[in-house]
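Student: Following this line is entry19.cif, made up of mmCIF, C-alpha atoms:
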data_my_file
#
loop_
_atom_site.label_atom_id
_atom_site.label_comp_id
_atom_site.auth_asym_id
_atom_site.auth_seq_id
_atom_site.Cartn_x
_atom_site.Cartn_y
_atom_site.Cartn_z
CA MET K 1 -9.02 -26.37 26.41
CA ILE K 2 -5.63 -25.84 28.02
CA PRO K 3 -5.49 -24.50 31.59
CA GLU K 4 -6.07 -20.76 32.05
CA ASN K 5 -2.61 -19.98 33.37
CA ALA K 6 -0.94 -21.87 30.54
CA GLU K 7 -3.02 -19.93 28.03
CA GLU K 8 -1.92 -16.64 29.51
CA GLU K 9 1.75 -17.63 29.64
CA LEU K 10 1.61 -18.72 25.99
CA LEU K 11 -0.07 -15.52 24.88
CA ALA K 12 2.24 -13.33 26.95
CA GLU K 13 5.33 -15.02 25.50
CA CYS K 14 4.03 -14.50 21.96
CA TYR K 15 3.11 -10.86 22.52
CA LEU K 16 6.40 -10.06 24.23
CA ALA K 17 8.51 -11.55 21.44
CA SER K 18 6.61 -9.58 18.79
CA VAL K 19 6.66 -6.31 20.70
CA ARG K 20 10.40 -6.56 21.39
CA ALA K 21 11.12 -7.18 17.71
CA ALA K 22 8.91 -4.28 16.65
CA THR K 23 10.47 -1.95 19.22
CA GLN K 24 13.98 -2.75 17.98
CA ASP K 25 12.90 -2.00 14.40
CA GLU K 26 11.46 1.38 15.36
CA HIS K 27 14.47 2.38 17.43
CA ALA K 28 16.57 1.75 14.35
CA ASN K 29 14.41 4.06 12.22
CA SER K 30 13.16 6.79 14.51
CA PRO K 31 14.03 8.38 17.84
CA ALA K 32 10.32 8.45 18.75
CA VAL K 33 8.92 5.03 19.64
CA ARG K 34 5.13 4.73 19.55
CA GLU K 35 3.62 2.17 21.89
CA SER K 36 1.73 -0.68 20.23
CA LEU K 37 -2.05 -0.68 20.32
CA VAL K 38 -4.29 -3.66 19.66
CA ALA K 39 -8.08 -3.88 19.37
CA PHE K 40 -9.75 -7.06 20.58
CA LYS K 41 -13.26 -7.75 19.36
CA PHE K 42 -15.28 -10.47 21.12
CA GLY K 43 -18.38 -11.97 19.55
CA GLY K 44 -21.52 -13.00 21.38
CA SER K 45 -20.57 -16.66 21.75
CA SER K 46 -17.30 -15.61 23.42
CA LEU K 47 -19.22 -13.70 26.11
CA LEU K 48 -22.12 -16.07 26.84
CA GLY K 49 -22.11 -16.22 30.60
CA ALA K 50 -19.73 -15.41 33.43
CA GLU K 51 -17.31 -18.29 32.79
CA ARG K 52 -16.74 -17.25 29.18
CA MET K 53 -16.39 -13.60 30.18
CA ARG K 54 -13.73 -14.52 32.74
CA HIS K 55 -11.98 -16.62 30.11
CA ALA K 56 -12.04 -13.75 27.59
CA ALA K 57 -10.73 -11.39 30.27
CA GLY K 58 -7.84 -13.81 30.70
CA LEU K 59 -6.98 -13.28 27.02
CA VAL K 60 -6.94 -9.51 27.41
CA ARG K 61 -4.81 -9.43 30.58
CA PRO K 62 -1.41 -10.46 29.15
CA ALA K 63 -1.82 -8.05 26.24
CA ALA K 64 -2.81 -5.19 28.54
CA GLN K 65 0.38 -5.73 30.54
CA LEU K 66 2.49 -5.07 27.45
CA MET K 67 0.62 -2.59 25.29
CA HIS K 68 -2.49 -0.46 24.95
CA VAL K 69 -5.68 -2.46 24.41
CA VAL K 70 -9.18 -1.42 23.39
CA VAL K 71 -11.95 -4.04 23.53
CA VAL K 72 -15.10 -4.11 21.40
CA VAL K 73 -17.96 -6.34 22.54
CA SER K 74 -21.08 -7.81 21.04
CA ALA K 75 -24.22 -8.60 23.01
CA MET K 76 -24.22 -12.03 24.62
CA LYS K 77 -25.29 -14.65 22.11
CA GLY K 78 -29.07 -14.70 21.65
CA VAL K 79 -29.75 -11.40 23.42
CA THR K 80 -30.16 -9.25 20.29
CA ASP K 81 -32.75 -11.69 18.95
CA ARG K 82 -34.64 -11.46 22.24
CA LEU K 83 -34.57 -7.66 22.13
CA LEU K 84 -35.86 -7.63 18.57
CA GLY K 85 -38.55 -10.05 19.71
CA ILE K 86 -39.61 -7.41 22.25
CA ALA K 87 -39.85 -4.86 19.44
CA GLN K 88 -41.95 -7.27 17.38
CA ALA K 89 -44.26 -7.94 20.33
CA LEU K 90 -44.76 -4.21 20.81
CA GLY K 91 -45.55 -3.84 17.11
CA GLU K 92 -48.21 -6.52 17.53
CA ARG K 93 -49.59 -4.71 20.64
CA LYS K 94 -48.57 -7.61 22.90
CA HIS K 95 -47.40 -5.29 25.62
CA GLU K 96 -47.45 -7.75 28.52
CA ARG K 97 -45.33 -10.28 26.63
CA ALA K 98 -42.85 -7.52 25.77
CA ARG K 99 -42.65 -6.37 29.39
CA LEU K 100 -42.07 -9.88 30.73
CA GLU K 101 -39.33 -10.50 28.17
CA ALA K 102 -37.64 -7.20 29.02
CA GLU K 103 -37.63 -8.15 32.70
CA SER K 104 -36.20 -11.56 31.77
CA VAL K 105 -33.37 -9.95 29.76
CA LEU K 106 -32.45 -7.80 32.76
CA ARG K 107 -32.51 -10.84 35.09
CA LEU K 108 -30.24 -12.73 32.69
CA HIS K 109 -27.55 -10.07 32.97
CA LEU K 110 -27.96 -9.70 36.72
CA ASP K 111 -27.50 -13.47 37.03
CA VAL K 112 -24.28 -13.28 35.02
CA LEU K 113 -23.12 -10.48 37.31
CA SER K 114 -23.73 -12.68 40.35
CA ASP K 115 -21.78 -15.52 38.73
CA LEU K 116 -18.80 -13.20 38.14
CA ALA K 117 -18.29 -13.25 41.92
CA LEU K 118 -17.08 -9.67 42.29
CA ASP K 119 -16.39 -8.16 45.68
CA SER K 120 -19.49 -6.72 47.29
CA ASP K 121 -18.85 -3.04 46.56
CA GLU K 122 -18.04 -3.67 42.90
CA HIS K 123 -21.01 -6.02 42.56
CA ASP K 124 -23.34 -3.38 43.97
CA ARG K 125 -21.95 -0.69 41.67
CA VAL K 126 -22.34 -2.78 38.53
CA ALA K 127 -25.77 -4.00 39.67
CA ARG K 128 -26.90 -0.38 39.92
CA ASP K 129 -25.65 0.28 36.38
CA LEU K 130 -27.41 -2.80 35.00
CA THR K 131 -30.62 -2.02 36.87
CA SER K 132 -30.57 1.54 35.55
CA LEU K 133 -30.21 0.20 32.02
CA GLY K 134 -33.03 -2.24 32.72
CA ARG K 135 -35.27 0.62 33.81
CA ASP K 136 -34.50 2.40 30.54
CA LEU K 137 -35.43 -0.76 28.64
CA LEU K 138 -38.70 -1.11 30.55
CA HIS K 139 -39.43 2.57 29.94
CA GLU K 140 -39.11 1.96 26.18
CA VAL K 141 -41.62 -0.87 26.53
CA SER K 142 -44.04 1.20 28.61
CA ALA K 143 -43.88 4.09 26.13
CA CYS K 144 -45.23 1.79 23.42
CA ARG K 145 -48.25 0.53 25.34
CA ASP K 146 -50.55 1.74 22.57
CA GLY K 147 -48.52 0.24 19.75
CA VAL K 148 -45.69 1.40 17.50
CA PRO K 149 -46.29 3.93 14.71
CA ALA K 150 -44.95 2.57 11.42
CA ALA K 151 -42.94 5.74 10.87
CA THR K 152 -40.86 5.16 14.00
CA ALA K 153 -40.71 1.34 14.07
CA ALA K 154 -37.15 1.06 12.71
CA GLU K 155 -35.93 3.70 15.15
CA LEU K 156 -37.49 1.78 18.05
CA PHE K 157 -35.90 -1.47 16.84
CA ASP K 158 -32.47 0.17 17.00
CA ARG K 159 -32.99 1.63 20.45
CA LEU K 160 -34.11 -1.73 21.81
CA ALA K 161 -31.38 -3.70 20.01
CA SER K 162 -28.69 -1.43 21.48
CA PHE K 163 -29.33 -2.66 25.02
CA GLY K 164 -27.56 -5.98 24.40
CA GLU K 165 -24.17 -4.40 23.78
CA ARG K 166 -24.68 -1.88 26.56
CA PHE K 167 -25.36 -4.64 29.11
CA SER K 168 -22.44 -6.67 27.76
CA ALA K 169 -19.91 -3.81 27.95
CA ARG K 170 -20.68 -3.21 31.62
CA LEU K 171 -20.34 -6.88 32.49
CA PHE K 172 -17.13 -7.41 30.55
CA ALA K 173 -15.53 -4.29 32.03
CA ALA K 174 -16.36 -5.76 35.44
CA ALA K 175 -14.81 -9.10 34.44
CA LEU K 176 -11.63 -7.29 33.42
CA GLU K 177 -11.51 -5.37 36.68
CA ARG K 178 -11.92 -8.66 38.53
CA SER K 179 -8.90 -10.02 36.65
CA GLY K 180 -6.80 -7.01 37.63
CA VAL K 181 -7.15 -4.98 34.41
CA PRO K 182 -8.44 -1.40 34.84
CA ALA K 183 -11.40 -1.04 32.47
CA VAL K 184 -14.44 1.14 31.83
CA PRO K 185 -17.47 0.60 29.58
CA VAL K 186 -17.87 3.10 26.74
CA SER K 187 -20.95 3.43 24.53
CA SER K 188 -20.01 3.78 20.87
CA SER K 189 -23.11 5.94 20.40
CA GLU K 190 -21.10 8.69 22.11
CA PHE K 191 -18.78 8.99 19.12
CA VAL K 192 -19.73 6.71 16.18
CA LEU K 193 -21.65 9.18 14.06
CA THR K 194 -23.98 7.68 11.43
CA CYS K 195 -26.68 8.54 8.95
CA ASP K 196 -30.31 8.05 9.97
CA THR K 197 -30.96 4.84 8.03
CA PHE K 198 -32.11 2.93 11.07
CA ARG K 199 -31.27 -0.81 11.27
CA ASP K 200 -28.57 -0.35 8.59
CA ALA K 201 -26.85 2.93 9.37
CA LYS K 202 -23.64 3.98 7.62
CA PRO K 203 -20.90 5.53 9.76
CA HIS K 204 -19.25 8.86 9.03
CA LEU K 205 -15.74 7.59 9.62
CA GLU K 206 -13.64 10.73 9.86
CA GLN K 207 -16.07 12.55 12.14
CA SER K 208 -16.35 9.40 14.26
CA LYS K 209 -12.56 9.19 14.46
CA GLN K 210 -12.20 12.77 15.65
CA ARG K 211 -14.88 12.32 18.31
CA GLY K 212 -13.71 8.87 19.36
CA ARG K 213 -10.10 9.86 19.89
CA ASP K 214 -11.19 12.55 22.35
CA ILE K 215 -12.90 9.85 24.43
CA LEU K 216 -10.65 6.80 24.01
CA LEU K 217 -7.10 8.14 23.86
CA PRO K 218 -7.09 9.71 27.36
CA LEU K 219 -8.29 6.39 28.79
CA LEU K 220 -5.56 4.49 26.97
CA ALA K 221 -2.95 7.00 28.10
CA ASP K 222 -3.99 6.31 31.70
CA GLY K 223 -3.57 2.55 31.23
CA ILE K 224 -7.32 1.89 31.20
CA VAL K 225 -8.92 -0.57 28.77
CA PRO K 226 -12.02 0.95 27.15
CA VAL K 227 -14.71 -1.71 26.64
CA VAL K 228 -16.67 -0.30 23.71
CA THR K 229 -20.07 -1.40 22.50
CA GLY K 230 -20.06 -2.76 18.97
CA PHE K 231 -23.02 -2.59 16.56
CA ILE K 232 -24.37 0.81 17.61
CA GLY K 233 -23.89 4.47 16.73
CA ALA K 234 -25.98 7.63 16.75
CA THR K 235 -27.25 10.28 14.38
CA PRO K 236 -25.91 13.85 14.68
CA ASP K 237 -28.97 14.71 16.80
CA GLY K 238 -28.30 11.82 19.20
CA ARG K 239 -30.76 9.13 18.09
CA ILE K 240 -29.35 5.61 18.51
CA THR K 241 -28.74 3.62 15.33
CA THR K 242 -27.36 0.18 14.55
CA LEU K 243 -25.02 -0.79 11.72
CA GLY K 244 -27.12 -3.80 10.71
CA ARG K 245 -27.10 -7.45 11.76
CA ASN K 246 -23.76 -9.26 11.55
CA SER K 247 -21.92 -5.93 11.65
CA SER K 248 -19.94 -6.56 14.82
CA ASP K 249 -16.69 -7.26 12.92
CA PHE K 250 -17.18 -3.95 11.12
CA SER K 251 -17.70 -2.27 14.50
CA GLY K 252 -14.39 -3.71 15.66
CA ALA K 253 -12.69 -2.33 12.55
CA ILE K 254 -14.24 1.11 13.10
CA ILE K 255 -13.01 1.32 16.70
CA ALA K 256 -9.57 0.03 15.65
CA HIS K 257 -9.51 2.71 12.94
CA VAL K 258 -10.48 5.41 15.45
CA VAL K 259 -7.49 4.67 17.70
CA ASP K 260 -5.05 3.80 14.86
CA ALA K 261 -4.63 0.25 16.14
CA ASP K 262 -1.77 -1.79 14.76
CA GLU K 263 -3.94 -4.89 14.87
CA LEU K 264 -7.53 -5.98 15.16
CA VAL K 265 -7.98 -9.44 16.70
CA ILE K 266 -11.44 -10.87 16.10
CA TRP K 267 -12.04 -13.49 18.78
CA THR K 268 -14.78 -15.87 17.72
CA ASP K 269 -15.82 -19.54 17.98
CA VAL K 270 -13.96 -20.86 14.90
CA ASP K 271 -10.26 -21.50 14.31
CA GLY K 272 -9.98 -18.93 11.51
CA ILE K 273 -10.94 -18.57 7.86
CA TYR K 274 -11.35 -21.69 5.74
CA THR K 275 -11.39 -22.30 2.00
CA ALA K 276 -14.98 -23.55 2.43
CA ASN K 277 -17.46 -24.15 5.21
CA PRO K 278 -15.80 -26.92 7.29
CA ASN K 279 -19.23 -28.13 8.40
CA GLU K 280 -20.21 -28.75 4.79
CA SER K 281 -16.97 -29.74 3.08
CA ALA K 282 -14.40 -32.34 4.14
CA GLN K 283 -11.91 -30.62 1.82
CA ALA K 284 -12.11 -27.28 3.67
CA ARG K 285 -8.65 -26.04 4.66
CA LEU K 286 -7.77 -23.53 7.34
CA LEU K 287 -5.93 -20.56 5.83
CA HIS K 288 -3.16 -19.26 8.08
CA ASP K 289 -2.03 -16.17 6.14
CA LEU K 290 -3.90 -14.03 3.64
CA SER K 291 -3.03 -10.79 1.93
CA TYR K 292 -5.78 -8.21 1.63
CA GLU K 293 -6.02 -9.19 -2.05
CA ASP K 294 -6.38 -12.89 -1.18
CA ALA K 295 -9.12 -12.12 1.30
CA HIS K 296 -10.95 -9.91 -1.23
CA ALA K 297 -10.76 -12.69 -3.82
CA LEU K 298 -12.14 -15.21 -1.34
CA ALA K 299 -15.02 -12.90 -0.47
CA LEU K 300 -15.83 -12.33 -4.16
CA SER K 301 -15.91 -16.09 -4.73
CA GLY K 302 -18.63 -16.41 -2.09
CA ALA K 303 -16.54 -17.51 0.90
CA LYS K 304 -17.64 -16.14 4.25
CA VAL K 305 -14.57 -14.15 5.25
CA LEU K 306 -15.44 -10.98 7.16
CA HIS K 307 -17.95 -8.17 6.95
CA PRO K 308 -17.32 -6.60 3.50
CA HIS K 309 -16.32 -3.24 4.99
CA VAL K 310 -13.62 -4.61 7.31
CA LEU K 311 -10.92 -5.28 4.71
CA PRO K 312 -11.00 -1.89 2.92
CA LEU K 313 -10.79 -0.13 6.28
CA ALA K 314 -7.89 -2.33 7.44
CA GLU K 315 -6.02 -2.01 4.14
CA GLU K 316 -6.24 1.78 4.24
CA THR K 317 -3.91 1.90 7.25
CA GLU K 318 -2.18 -1.49 6.72
CA MET K 319 -3.78 -2.76 9.91
CA THR K 320 -3.37 -6.49 10.43
CA VAL K 321 -6.57 -8.44 11.10
CA TRP K 322 -6.57 -11.74 12.96
CA VAL K 323 -9.44 -14.23 13.21
CA ARG K 324 -8.83 -16.46 16.24
CA ASN K 325 -10.75 -18.94 18.36
CA THR K 326 -11.56 -17.71 21.86
CA PHE K 327 -11.81 -21.27 23.09
CA LYS K 328 -8.53 -22.41 21.53
CA PRO K 329 -6.22 -19.43 22.09
CA HIS K 330 -3.18 -21.66 21.56
CA THR K 331 -4.33 -22.09 17.93
CA ARG K 332 -2.71 -19.54 15.63
CA GLY K 333 -5.79 -18.53 13.61
CA THR K 334 -5.85 -16.62 10.32
CA ARG K 335 -3.84 -13.46 9.68
CA ILE K 336 -4.88 -10.94 7.04
CA GLY K 337 -2.47 -8.14 6.34
CA PRO K 338 0.36 -6.72 4.28
CA VAL K 339 2.42 -9.34 2.51
CA GLY K 340 5.54 -10.31 4.44
CA ALA K 341 4.65 -8.62 7.75
CA GLN K 342 5.73 -10.20 11.03
CA HIS K 343 3.12 -12.15 12.86
CA CYS K 344 2.51 -13.69 16.25
CA GLY K 345 -1.04 -12.62 16.95
CA ALA K 346 0.35 -9.41 18.42
CA PRO K 347 0.81 -5.96 16.92
CA VAL K 348 3.43 -5.27 14.30
CA ARG K 349 4.26 -1.57 14.60
CA LYS K 350 3.93 0.61 11.56
CA GLU K 351 6.52 3.24 10.74
CA PRO K 352 5.84 6.52 12.54
CA ALA K 353 3.95 9.04 10.44
#
What is this file in structure tokens?
Tutor:
Amino acid sequence: MIPENAEEELLAECYLASVRAATQDEHANSPAVRESLVAFKFGGSSLLGAERMRHAAGLVRPAAQLMHVVVVVSAMKGVTDRLLGIAQALGERKHERARLEAESVLRLHLDVLSDLALDSDEHDRVARDLTSLGRDLLHEVSACRDGVPAATAAELFDRLASFGERFSARLFAAALERSGVPAVPVSSSEFVLTCDTFRDAKPHLEQSKQRGRDILLPLLADGIVPVVTGFIGATPDGRITTLGRNSSDFSGAIIAHVVDADELVIWTDVDGIYTANPNESAQARLLHDLSYEDAHALALSGAKVLHPHVLPLAEETEMTVWVRNTFKPHTRGTRIGPVGAQHCGAPVRKEPA
């Protein structure tokens, strides 16, 4: 891994070159120049512990100095499985085991907060937020002391699973603030409207977009980075839902769609998209550029590309999608987008509507 400062200088140089080129193009075509907006989505492995959160915050900072940024976060790696384990324990009437695990999940996040080394006032504020969330989690456990009715089991699973992203958003917003980037956590359940198919809810995209813009755009206009929870939404009557396991890329695409992002950068623990699984095939090649059609064809052939709903949503607005390695930010990654578009891992501005 190259030193943190060198990473930031490299990223800043790349972003600045792309933004300048895009700005010149728009000045030539329209008197109204729209500022670039990029969505960064970080997976659970990218946020596992304070050191990785600080590193990820260092990737956001140079972008936030040049353009509007919205961040979408997963739960820390392993946390969702632990929360679903709590739900399973409650279903088996193992209340004490569920309570102890819930307390352990809260301690895990409080430990990460301590390792972030915030100033005392900020630490105390975030600790209060995390502790309040922890009390809500323990309340869910206590409410199921007598077991879980089958009719409400899926709904309980979603409520419990949502805590991972909610903890993560508060911690990552704090990590950004520590790095000098104004940021606030935002729960996607406030605006991502879904059906009531718990554990695999489908979003109502246009209604979600209308609601989400009311929340996110004023923050962006004030130079604040919203740190939005992935994975979760809510029914029209306010019950928390989840979009299904492995849906965090889709969550990133939804939030990017809500704010009309020029780009969605999916930061993960691999270098990009390969022709085959590099752990299983010595012939696997990293693909640097894909059209939407190429990516669809790869997905149809069985390659693990992205969540199946990401590409149609990106193609609808010609949003460029990047898959990049959090731990090797100097590596270019894979770009999926319109054929012939500029690329540098930074937004390419679309023509004004």
Student: Let me make sure I understand: among K:Arg285, K:Arg61, K:His109, K:Lys77, which one has the smallest atom-to-atom distance to Gly44 (chain K) if we use only C-alpha atoms?
Tutor: K:Lys77
Student: Residue by residue, what does the PyMOL selection byres ((chain K and resi 265) around 7) grab here? Present the result as a PDB file with C-alpha atoms, in the frame of the given file.
Tutor:
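Contents of selection_39.pdb, freshly written:
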ATOM      1  CA  ALA K  39      -8.080  -3.880  19.370  1.00  0.00           C
ATOM      2  CA  PHE K  40      -9.750  -7.060  20.580  1.00  0.00           C
ATOM      3  CA  LYS K  41     -13.260  -7.750  19.360  1.00  0.00           C
ATOM      4  CA  GLU K 263      -3.940  -4.890  14.870  1.00  0.00           C
ATOM      5  CA  LEU K 264      -7.530  -5.980  15.160  1.00  0.00           C
ATOM      6  CA  ILE K 266     -11.440 -10.870  16.100  1.00  0.00           C
ATOM      7  CA  TRP K 267     -12.040 -13.490  18.780  1.00  0.00           C
ATOM      8  CA  VAL K 321      -6.570  -8.440  11.100  1.00  0.00           C
ATOM      9  CA  TRP K 322      -6.570 -11.740  12.960  1.00  0.00           C
ATOM     10  CA  VAL K 323      -9.440 -14.230  13.210  1.00  0.00           C
TER      11      VAL K 323
END
Student: Counting only C-alpha atoms, figure out which residue out of K:Leu118, K:Leu243, K:Leu217, K:Leu138 gets nearest to Cys195 (chain K).
Tutor: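 So, comparing all the options, the nearest one is K:Leu243.
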Student: Under the rule that only C-alpha atoms are counted, which of K:Arg128, K:Leu37, K:Glu318, K:Asp119 is the nearest residue to Gln65 (chain K)?
Tutor: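 Once distances to Gln65 (chain K) are computed over only C-alpha atoms, the minimum belongs to K:Leu37.
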Student: Env of Glu190 (chain K): 9 Å cut, atoms = all atoms listed in the file, seq-sep filter 2 positions within chain, self excluded. Answer as number ranges by chain.
Tutor: K: 186-188, 192-193, 211-212, 215, 233-234, 238
Student: CA of Pro329 (chain K) to CA of Asp269 (chain K): how many Å, to one decimal?
Tutor: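 Taking CA of Pro329 (chain K) as the start and CA of Asp269 (chain K) as the end point, the length is 10.4 Å.
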Student: Around the point (-6.9, 4.9, 17.8) (coordinates from the file), which residues reach within 8 Å if we count only C-alpha atoms? Answer as a list in words.
Tutor: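 Every polymer residue passing the test: Leu37, Lys209, Arg213, Leu216, Leu217, Ile255, Ala256, His257, Val258, Val259, Asp260 and Ala261 of chain K.
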Student: Just write region 207-216 of chain K with all heavy atoms, as a CSV table (one decimal), in the first residue's frame, taken from the block above.
Tutor:
chain,number,residue,atom,x,y,z
K,207,GLN,N,-40.6,7.5,-6.3
K,207,GLN,CA,-41.0,8.1,-5.0
K,207,GLN,C,-39.8,8.3,-4.1
K,207,GLN,O,-39.6,9.3,-3.4
K,207,GLN,CB,-42.0,7.2,-4.3
K,207,GLN,CG,-43.4,7.2,-5.1
K,207,GLN,CD,-44.3,6.1,-4.5
K,207,GLN,OE1,-44.1,4.9,-4.9
K,207,GLN,NE2,-45.2,6.5,-3.7
K,208,SER,N,-38.8,7.3,-4.1
K,208,SER,CA,-37.6,7.4,-3.3
K,208,SER,C,-36.8,8.6,-3.8
K,208,SER,O,-36.2,9.3,-2.9
K,208,SER,CB,-36.8,6.1,-3.4
K,208,SER,OG,-37.5,5.0,-2.9
K,209,LYS,N,-36.7,8.8,-5.1
K,209,LYS,CA,-35.9,9.9,-5.6
K,209,LYS,C,-36.5,11.2,-5.1
K,209,LYS,O,-35.7,12.1,-4.7
K,209,LYS,CB,-35.9,9.8,-7.1
K,209,LYS,CG,-35.0,10.9,-7.7
K,209,LYS,CD,-34.8,10.7,-9.2
K,209,LYS,CE,-33.8,11.7,-9.8
K,209,LYS,NZ,-33.5,11.4,-11.2
K,210,GLN,N,-37.8,11.4,-5.2
K,210,GLN,CA,-38.4,12.6,-4.8
K,210,GLN,C,-38.1,12.9,-3.3
K,210,GLN,O,-37.8,14.0,-2.9
K,210,GLN,CB,-39.9,12.6,-5.0
K,210,GLN,CG,-40.3,12.6,-6.5
K,210,GLN,CD,-41.7,12.3,-6.8
K,210,GLN,OE1,-42.5,12.3,-5.8
K,210,GLN,NE2,-42.1,12.0,-8.0
K,211,ARG,N,-38.3,11.9,-2.5
K,211,ARG,CA,-38.1,12.0,-1.0
K,211,ARG,C,-36.6,12.3,-0.7
K,211,ARG,O,-36.3,13.1,0.1
K,211,ARG,CB,-38.6,10.8,-0.3
K,211,ARG,CG,-40.1,10.6,-0.3
K,211,ARG,CD,-40.6,9.2,-0.2
K,211,ARG,NE,-40.1,8.6,1.0
K,211,ARG,CZ,-40.8,8.1,2.0
K,211,ARG,NH1,-42.1,8.3,2.0
K,211,ARG,NH2,-40.3,7.5,3.1
K,212,GLY,N,-35.8,11.5,-1.4
K,212,GLY,CA,-34.3,11.6,-1.1
K,212,GLY,C,-33.7,12.9,-1.5
K,212,GLY,O,-32.8,13.4,-0.8
K,213,ARG,N,-34.2,13.5,-2.5
K,213,ARG,CA,-33.6,14.8,-3.0
K,213,ARG,C,-33.9,15.9,-1.9
K,213,ARG,O,-33.1,16.8,-1.7
K,213,ARG,CB,-34.1,15.2,-4.3
K,213,ARG,CG,-33.6,14.3,-5.4
K,213,ARG,CD,-34.2,14.6,-6.8
K,213,ARG,NE,-33.7,15.8,-7.4
K,213,ARG,CZ,-32.6,15.9,-8.0
K,213,ARG,NH1,-31.8,14.9,-8.1
K,213,ARG,NH2,-32.2,17.1,-8.5
K,214,ASP,N,-35.1,15.8,-1.3
K,214,ASP,CA,-35.4,16.8,-0.3
K,214,ASP,C,-34.5,16.7,0.9
K,214,ASP,O,-34.2,17.7,1.6
K,214,ASP,CB,-36.9,16.5,0.2
K,214,ASP,CG,-37.9,16.9,-0.8
K,214,ASP,OD1,-37.6,17.7,-1.8
K,214,ASP,OD2,-39.0,16.5,-0.7
K,215,ILE,N,-33.9,15.5,1.2
K,215,ILE,CA,-33.0,15.3,2.3
K,215,ILE,C,-31.6,15.6,1.9
K,215,ILE,O,-30.8,16.2,2.6
K,215,ILE,CB,-33.2,13.9,2.9
K,215,ILE,CG1,-34.6,13.7,3.5
K,215,ILE,CG2,-32.1,13.6,3.9
K,215,ILE,CD1,-34.9,12.3,3.9
K,216,LEU,N,-31.2,15.0,0.8
K,216,LEU,CA,-29.7,15.0,0.4
K,216,LEU,C,-29.3,16.3,-0.2
K,216,LEU,O,-28.1,16.7,0.0
K,216,LEU,CB,-29.4,13.8,-0.4
K,216,LEU,CG,-29.7,12.4,0.2
K,216,LEU,CD1,-29.4,11.3,-0.8
K,216,LEU,CD2,-29.0,12.2,1.5
